[in-house]
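Asker: Input structure: coords-v5.cif, which contains mmCIF, C-alpha atoms.
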```cif
data_coords
loop_
_atom_site.label_atom_id
_atom_site.label_comp_id
_atom_site.auth_asym_id
_atom_site.auth_seq_id
_atom_site.Cartn_x
_atom_site.Cartn_y
_atom_site.Cartn_z
CA MET C 1 20.96 69.16 75.40
CA GLY C 2 21.68 67.11 72.30
CA ALA C 3 22.25 63.95 74.35
CA GLY C 4 19.06 64.55 76.34
CA ASN C 5 16.97 64.83 73.20
CA ARG C 6 18.53 61.67 71.79
CA GLU C 7 17.57 59.79 74.96
CA ARG C 8 14.00 61.12 74.76
CA ARG C 9 13.77 60.02 71.14
CA LYS C 10 15.02 56.54 72.07
CA THR C 11 12.37 56.31 74.78
CA LYS C 12 9.62 57.44 72.41
CA GLN C 13 10.81 54.91 69.85
CA LYS C 14 10.59 52.09 72.40
CA VAL C 15 7.06 53.13 73.38
CA ARG C 16 5.99 53.27 69.72
CA GLU C 17 7.51 49.86 69.06
CA GLN C 18 5.71 48.35 72.03
CA ARG C 19 2.38 49.80 70.90
CA ARG C 20 2.84 48.47 67.39
CA ARG C 21 3.30 44.94 68.63
CA VAL C 22 0.44 44.63 71.09
CA ASP C 23 -1.12 41.13 70.87
CA ARG C 24 1.11 40.13 67.96
CA ASP C 25 2.97 37.51 69.98
CA ARG C 26 -0.02 35.14 70.12
CA VAL C 27 0.86 33.64 66.75
CA PRO C 28 4.38 34.20 65.40
CA GLY C 29 4.24 36.36 62.29
CA ALA C 30 0.48 36.88 62.59
CA VAL C 31 -1.42 40.13 62.69
CA PRO C 32 -3.54 41.09 65.74
CA ARG C 33 -6.85 39.29 66.01
CA GLN C 34 -10.13 41.13 65.47
CA VAL C 35 -8.42 43.99 63.70
CA SER C 36 -10.12 46.14 61.09
CA PRO C 37 -8.64 46.59 57.59
CA ALA C 38 -7.81 50.22 58.43
CA GLN C 39 -6.03 49.22 61.65
CA LEU C 40 -4.14 46.51 59.78
CA ALA C 41 -2.95 49.04 57.21
CA GLU C 42 -1.75 51.36 59.98
CA LEU C 43 0.12 48.48 61.63
CA VAL C 44 1.87 47.58 58.39
CA ILE C 45 2.83 51.23 57.83
CA ALA C 46 4.22 51.45 61.37
CA ASP C 47 6.18 48.22 60.84
CA ALA C 48 7.61 49.60 57.59
CA VAL C 49 8.90 52.69 59.42
CA GLN C 50 10.33 50.52 62.18
CA ALA C 51 12.01 48.28 59.59
CA GLN C 52 13.79 51.33 58.20
CA HIS C 53 15.01 52.18 61.69
CA ASN C 54 16.43 48.64 61.82
CA ASP C 55 17.93 48.80 58.29
CA ASP C 56 15.70 45.85 57.42
CA ALA C 57 15.32 46.09 53.64
CA VAL C 58 13.50 42.74 53.44
CA GLY C 59 10.97 43.85 56.03
CA VAL C 60 10.36 47.11 54.16
CA ALA C 61 9.85 45.22 50.90
CA CYS C 62 7.31 42.91 52.54
CA CYS C 63 5.36 45.87 53.88
CA VAL C 64 5.40 47.57 50.47
CA SER C 65 4.10 44.38 48.87
CA LEU C 66 1.24 44.17 51.37
CA LEU C 67 0.27 47.82 51.00
CA ALA C 68 0.57 47.79 47.22
CA GLY C 69 -1.71 44.87 46.56
CA GLU C 70 -2.20 41.98 48.93
CA LEU C 71 -3.53 43.95 51.87
CA GLY C 72 -6.38 45.88 50.33
CA GLY C 73 -6.96 44.21 47.01
CA SER C 74 -8.51 46.19 44.20
CA ALA C 75 -11.45 47.25 46.38
CA GLY C 76 -9.34 48.34 49.34
CA ARG C 77 -6.57 50.23 47.57
CA ARG C 78 -8.25 53.60 47.89
CA ARG C 79 -8.68 53.02 51.61
CA VAL C 80 -5.00 52.09 52.00
CA ASP C 81 -3.96 55.13 49.95
CA GLY C 82 -6.10 57.39 52.08
CA ILE C 83 -4.50 56.03 55.25
CA LEU C 84 -0.99 56.48 53.82
CA PHE C 85 -1.68 60.09 52.96
CA ALA C 86 -3.31 60.68 56.36
CA CYS C 87 -0.14 59.33 58.00
CA LEU C 88 1.95 61.78 55.98
CA GLN C 89 -0.18 64.70 57.13
CA ARG C 90 -0.18 63.49 60.73
CA ASP C 91 3.61 63.15 60.82
CA VAL C 92 4.09 66.56 59.19
CA ALA C 93 1.99 68.11 61.99
CA ASP C 94 4.01 66.17 64.56
CA ALA C 95 7.25 67.54 63.07
CA TRP C 96 5.82 71.06 63.37
CA ARG C 97 5.15 70.47 67.07
CA ARG C 98 8.81 69.49 67.41
CA GLY C 99 9.86 72.88 66.05
CA TRP C 100 10.22 72.14 62.30
CA GLN C 101 8.54 74.71 60.08
CA PRO C 102 7.32 73.93 56.52
CA ALA C 103 10.49 75.33 54.90
CA ASP C 104 12.62 73.17 57.21
CA VAL C 105 10.70 70.00 56.33
CA THR C 106 10.92 70.51 52.57
CA ARG C 107 14.59 71.51 52.77
CA VAL C 108 15.45 68.27 54.59
CA ALA C 109 13.32 66.19 52.22
CA ALA C 110 15.10 67.69 49.20
CA ARG C 111 18.55 67.25 50.73
CA GLU C 112 18.14 63.76 52.20
CA SER C 113 15.90 62.16 49.60
CA GLY C 114 14.89 63.55 46.21
CA ALA C 115 12.38 65.39 44.06
CA GLY C 116 9.70 62.74 44.51
CA HIS C 117 9.99 62.81 48.28
CA LEU C 118 10.00 66.61 48.23
CA GLY C 119 6.74 66.60 46.24
CA LEU C 120 5.07 64.22 48.70
CA ALA C 121 6.21 66.30 51.68
CA THR C 122 4.99 69.53 50.06
CA ASP C 123 1.57 68.06 49.29
CA ALA C 124 1.29 66.65 52.82
CA ILE C 125 1.96 70.16 54.13
CA ALA C 126 -0.73 71.58 51.84
CA GLY C 127 -3.16 68.88 52.94
CA GLN C 128 -2.51 69.44 56.62
CA MET C 129 -2.95 73.22 56.30
CA ARG C 130 -6.61 72.66 55.36
CA ALA C 131 -7.28 72.00 59.05
CA TYR C 132 -6.48 75.57 60.12
CA PRO C 133 -8.55 78.71 59.46
CA SER C 134 -6.38 81.36 57.81
CA ALA C 135 -7.02 83.77 60.69
CA THR C 136 -5.19 81.38 63.07
CA VAL C 137 -2.04 81.01 60.95
CA ASP C 138 0.95 83.19 61.77
CA ARG C 139 1.99 85.48 58.93
CA ARG C 140 5.52 84.03 58.81
CA TRP C 141 4.10 80.52 58.51
CA ASP C 142 1.72 81.57 55.76
CA GLU C 143 4.59 83.19 53.83
CA GLN C 144 6.51 79.92 53.83
CA ILE C 145 3.49 78.00 52.52
CA ARG C 146 3.04 80.52 49.72
CA SER C 147 6.73 80.56 48.79
CA MET C 148 6.80 76.78 48.28
CA ASP C 149 3.53 76.84 46.30
CA ALA C 150 1.95 74.24 48.59
CA THR C 151 -1.58 73.93 47.19
CA VAL C 152 -4.22 71.20 47.14
CA TRP C 153 -4.37 70.19 43.47
CA TRP C 154 -5.96 66.74 43.91
CA GLY C 155 -9.55 65.72 44.62
CA SER C 156 -10.21 63.13 47.32
CA ASP C 157 -7.37 62.18 49.66
CA GLU C 158 -8.08 58.52 48.86
CA ASP C 159 -7.29 59.23 45.20
CA TYR C 160 -4.22 61.37 45.88
CA LEU C 161 -1.49 58.70 45.59
CA GLU C 162 -2.93 57.28 42.36
CA GLN C 163 -3.15 60.76 40.83
CA TRP C 164 0.32 61.67 42.10
CA GLY C 165 1.85 58.46 40.73
CA ARG C 166 0.24 59.00 37.35
CA ARG C 167 1.53 62.58 37.25
CA GLU C 168 5.06 61.54 38.25
CA GLY C 169 5.18 58.44 36.04
CA ALA C 170 5.77 56.13 39.03
CA ASP C 171 4.16 52.74 39.63
CA ARG C 172 2.26 51.90 42.80
CA PRO C 173 5.06 50.06 44.68
CA THR C 174 7.46 52.93 43.97
CA VAL C 175 4.99 55.55 45.20
CA ILE C 176 4.32 53.60 48.40
CA THR C 177 8.06 53.11 48.97
CA TRP C 178 8.61 56.87 48.68
CA VAL C 179 5.74 57.56 51.10
CA LEU C 180 7.24 55.18 53.66
CA GLU C 181 10.66 56.80 53.23
CA VAL C 182 9.18 60.26 53.86
CA LEU C 183 7.42 58.90 56.96
CA PHE C 184 10.75 57.54 58.19
CA LEU C 185 12.45 60.87 57.51
CA LEU C 186 9.78 62.76 59.47
CA ASP C 187 10.03 60.26 62.32
CA THR C 188 13.77 60.88 62.70
CA LEU C 189 13.63 64.69 62.89
CA PRO C 190 14.90 65.81 66.33
CA GLU C 191 13.13 68.31 68.54
CA ILE C 192 14.23 71.93 68.10
CA PRO C 193 12.85 75.15 69.65
CA LEU C 194 9.68 76.68 68.23
CA LEU C 195 10.36 80.01 66.54
CA CYS C 196 6.78 81.08 65.82
CA PRO C 197 3.23 80.01 66.79
CA LEU C 198 1.95 76.76 65.33
CA PRO C 199 -0.90 76.96 62.83
CA GLY C 200 -4.19 77.07 64.64
CA THR C 201 -2.69 78.92 67.62
CA GLY C 202 -1.55 82.20 66.08
CA ARG C 203 -3.12 85.14 64.29
CA SER C 204 -2.38 86.26 60.77
CA GLY C 205 -1.05 89.63 61.94
CA ASP C 206 1.10 88.29 64.80
CA GLY C 207 4.83 88.73 64.98
CA PRO C 208 7.24 91.40 63.78
CA ALA C 209 8.63 91.32 60.29
CA VAL C 210 11.69 89.07 60.25
CA GLU C 211 13.93 88.49 57.26
CA GLN C 212 13.81 84.89 56.07
CA TRP C 213 17.60 84.60 56.13
CA VAL C 214 17.57 85.40 59.86
CA LEU C 215 15.14 82.56 60.58
CA ASP C 216 17.11 80.23 58.32
CA ASN C 217 20.35 80.97 60.19
CA VAL C 218 18.78 80.37 63.59
CA ARG C 219 17.08 77.15 62.49
CA THR C 220 20.31 75.86 60.96
CA LEU C 221 22.27 76.50 64.17
CA LEU C 222 19.63 74.88 66.37
CA ALA C 223 19.29 71.86 64.08
CA LYS C 224 23.08 71.36 64.20
CA ALA C 225 22.99 71.64 67.99
CA GLU C 226 20.37 68.91 68.23
CA SER C 227 22.09 66.54 65.80
CA THR C 228 25.66 66.70 67.11
CA GLU C 229 27.04 63.86 69.23
CA PHE C 230 29.13 66.23 71.36
CA PRO C 231 27.43 68.10 74.25
CA GLU C 232 30.04 70.88 74.23
CA GLU C 233 29.43 71.56 70.55
CA ALA C 234 25.65 71.54 71.12
CA GLU C 235 25.98 74.14 73.88
CA ALA C 236 28.25 76.32 71.75
CA LEU C 237 25.87 76.21 68.78
CA THR C 238 22.86 77.00 70.97
CA ALA C 239 24.70 79.92 72.54
CA GLU C 240 25.64 81.18 69.09
CA ALA C 241 21.97 81.04 68.01
CA GLN C 242 20.89 82.91 71.15
CA GLU C 243 23.56 85.58 70.67
CA PHE C 244 22.61 85.98 67.02
CA MET C 245 18.92 86.49 67.91
CA ALA C 246 19.85 88.95 70.66
CA ARG C 247 21.95 91.04 68.25
CA ARG C 248 19.14 91.12 65.70
CA ALA C 249 16.74 92.29 68.44
CA HIS C 250 19.24 94.95 69.60
CA ALA C 251 19.05 93.42 73.07
CA THR C 252 21.50 93.87 75.90
CA VAL C 253 23.52 90.68 76.41
CA THR C 254 25.05 89.81 79.77
CA GLU C 255 27.60 86.99 79.73
CA ILE C 256 28.40 84.92 82.82
CA ASN C 257 31.51 82.75 82.99
CA ALA C 258 29.68 79.60 84.06
CA SER C 259 28.38 76.27 82.86
CA HIS C 260 24.95 75.89 81.26
CA LEU C 261 23.61 75.52 84.86
CA SER C 262 24.34 79.14 85.76
CA LEU C 263 21.11 79.38 87.78
CA ILE C 264 22.65 76.90 90.20
CA SER C 265 26.32 77.87 90.08
CA HIS C 266 25.78 81.69 90.10
CA PRO C 267 22.24 82.33 91.47
CA GLY C 268 23.04 85.81 92.78
CA THR C 269 24.48 87.03 89.48
CA VAL C 270 21.52 85.66 87.52
CA ALA C 271 19.05 87.25 89.95
CA ASN C 272 20.74 90.64 89.50
CA VAL C 273 20.48 90.38 85.71
CA ILE C 274 16.77 89.54 85.96
CA GLU C 275 16.12 92.43 88.34
CA GLN C 276 17.91 94.88 86.04
CA ALA C 277 15.91 93.66 83.04
CA ALA C 278 12.67 94.01 85.01
CA ARG C 279 13.49 97.60 86.01
CA HIS C 280 14.23 98.59 82.43
CA THR C 281 10.98 97.10 81.10
CA SER C 282 8.64 98.26 83.86
#
```
What would you get if you wrote out this structure as structure tokens?

Answerer:
Amino acid sequence: MGAGNRERRKTKQKVREQRRRVDRDRVPGAVPRQVSPAQLAELVIADAVQAQHNDDAVGVACCVSLLAGELGGSAGRRRVDGILFACLQRDVADAWRRGWQPADVTRVAARESGAGHLGLATDAIAGQMRAYPSATVDRRWDEQIRSMDATVWWGSDEDYLEQWGRREGADRPTVITWVLEVLFLLDTLPEIPLLCPLPGTGRSGDGPAVEQWVLDNVRTLLAKAESTEFPEEAEALTAEAQEFMARRAHATVTEINASHLSLISHPGTVANVIEQAARHTS
């Protein structure tokens, strides 16, 4: 499972890289022709994330320089800042679709980066939550948002980075560097199973009450399973997460001495288990 997800991520990365470089081979080092300032900013942001994947510090520095001043100039800085913050919100939502809940995202940001990155990630979460009516947000999701105090404290999104930098005492190049590092972090998060409905698809009263430590344990096990390089360890961690959830639900667990393809190797045994479960729930 872990190896399969890594291959899917490599494929997605290749597709993204190809999209980012459409028409750029006409003139070496040139930007695409007939491109709008907003599209140019998005291309530079994408190149900055790709440069981090390639451990290209010089490339990242060039992108920061463009975004901080040369690209937009004094008149276009607000537009560039708005696009940067929109990218943060977009990538936060994409991480949610890959199974990462708000508490997971902020925990990783705090562990892998620092307080500044954590603040940017938290505000991006708050900004993205504006898109969902409260009635469509699962109660467990809403509790996480409240516990991290993710609120919209700024005015316009185009003014957010300037206000945030002033509040944190950071200059413009530093703020943009941190934003690009958070984007890179979000881009590298692996896919893990969804544990509750995404915002916009649930209802505020949905779901039984679940202790936060239970969700944390399951998410930790699944994240380890997706990040390990060893398939056997990934299977063991996933099985441990499934067994833990089954115990918490007071479910009946039937173990089969088989590989992870038990449907193929022991179809009769699996069919009997399904039939028994159906009779007990009908």

Asker: Can you tell me, as AutoDock Vina command-line options, the centre and edge lengths (Å, one decimal) of the axis-aligned box enclosing all of stretch 91-104 of chain C's listed atoms after padding each side by 3 Å?

Answerer:
```
--center_x 7.3 --center_y 69.2 --center_z 61.2 --size_x 16.6 --size_y 18.2 --size_z 18.5
```

Asker: Using only C-alpha atoms for the distances, tell me which of C:Val137, C:Val152, C:Ala170, C:Ala61 is nearest to C:Gly116.

Answerer: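 Of the candidates, the smallest distance to C:Gly116 is held by C:Ala170.
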
Asker: Evaluating the PyMOL selection byres ((chain C and resi 109) around 10) on the displayed file yields which residues, as an MDAnalysis selection string?

Answerer: chainID C and resid 103:108 110:122 181:182 185:186

Asker: So that I have them on file, write out the residues from the current selection with C-alpha atoms, as a PDB file, in the coordinates of the input.

Answerer:
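Output file selection14.pdb is given in full below:
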```
ATOM      1  CA  ALA C 103      10.490  75.330  54.900  1.00  0.00           C
ATOM      2  CA  ASP C 104      12.620  73.170  57.210  1.00  0.00           C
ATOM      3  CA  VAL C 105      10.700  70.000  56.330  1.00  0.00           C
ATOM      4  CA  THR C 106      10.920  70.510  52.570  1.00  0.00           C
ATOM      5  CA  ARG C 107      14.590  71.510  52.770  1.00  0.00           C
ATOM      6  CA  VAL C 108      15.450  68.270  54.590  1.00  0.00           C
ATOM      7  CA  ALA C 110      15.100  67.690  49.200  1.00  0.00           C
ATOM      8  CA  ARG C 111      18.550  67.250  50.730  1.00  0.00           C
ATOM      9  CA  GLU C 112      18.140  63.760  52.200  1.00  0.00           C
ATOM     10  CA  SER C 113      15.900  62.160  49.600  1.00  0.00           C
ATOM     11  CA  GLY C 114      14.890  63.550  46.210  1.00  0.00           C
ATOM     12  CA  ALA C 115      12.380  65.390  44.060  1.00  0.00           C
ATOM     13  CA  GLY C 116       9.700  62.740  44.510  1.00  0.00           C
ATOM     14  CA  HIS C 117       9.990  62.810  48.280  1.00  0.00           C
ATOM     15  CA  LEU C 118      10.000  66.610  48.230  1.00  0.00           C
ATOM     16  CA  GLY C 119       6.740  66.600  46.240  1.00  0.00           C
ATOM     17  CA  LEU C 120       5.070  64.220  48.700  1.00  0.00           C
ATOM     18  CA  ALA C 121       6.210  66.300  51.680  1.00  0.00           C
ATOM     19  CA  THR C 122       4.990  69.530  50.060  1.00  0.00           C
ATOM     20  CA  GLU C 181      10.660  56.800  53.230  1.00  0.00           C
ATOM     21  CA  VAL C 182       9.180  60.260  53.860  1.00  0.00           C
ATOM     22  CA  LEU C 185      12.450  60.870  57.510  1.00  0.00           C
ATOM     23  CA  LEU C 186       9.780  62.760  59.470  1.00  0.00           C
TER      24      LEU C 186
END
```

Asker: Nearest to C:Gly127: which of C:Ala95, C:Leu88, C:Leu161, C:Ala68 is it, counting only C-alpha atoms?

Answerer: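 Closest to C:Gly127, using only C-alpha atoms: C:Leu88.
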
Asker: Could you please determine the separation between atom CA of C:Thr238 and atom CA of C:Leu222 in Å, to one decimal place?

Answerer: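 Computing the Euclidean distance for atom CA of C:Thr238 and atom CA of C:Leu222 yields 6.0 Å.
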
Asker: Pick from C:Ser147, C:Thr228, C:Thr188, C:Thr174: nearest to C:His53, with all atoms listed in the file counted?

Answerer: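 Distance minimum relative to C:His53 lands on C:Thr188.
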
Asker: Starting from the PyMOL selection byres ((chain C and resi 134) around 12), expand the selection into actual residues of this file and give them as a list in words.

Answerer: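 That selection, the PyMOL selection byres ((chain C and resi 134) around 12), comes back as Met129, Arg130, Ala131, Tyr132, Pro133, Ala135, Thr136, Val137, Asp138, Arg139, Trp141, Asp142, Glu143, Ile145, Pro199, Gly200, Thr201, Gly202, Arg203, Ser204 and Gly205 of chain C.
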
Asker: Hey, which of C:Leu189, C:Leu237, C:Ala46, C:Leu71 ends up closest to C:Gly59? Count all atoms listed in the file.

Answerer: C:Ala46

Asker: Run the PyMOL selection byres ((chain C and resi 85) around 8) mentally over the shown coordinates, then write out the matched residues as a PyMOL selection string, using the chain letters and numbers from the document.

Answerer: chain C and resi 81-84+86-89+124+157-158+160-161

Asker: Quick one: of C:Gly76, C:Gly69, C:Gly99, C:Pro197, who's nearest to C:Ala223, counting all atoms listed in the file?

Answerer: C:Gly99

Asker: Please indicate the distance in Å from atom CA of C:Asp171 to atom CA of C:Leu66, rounded to one decimal place.

Answerer: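 So the two atoms, atom CA of C:Asp171 and atom CA of C:Leu66, lie 14.8 Å apart.
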
Asker: Ranking C:Ser65, C:Ser156, C:Gln34, C:Gln52 by minimum distance to C:Val175 and counting all atoms listed in the file, which one comes first?

Answerer: C:Ser65

Asker: What is the distance between atom CA of C:Pro193 and atom CA of C:Arg219, in Å to one decimal?

Answerer: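 If I compute the distance from atom CA of C:Pro193 to atom CA of C:Arg219, I get 8.6 Å.
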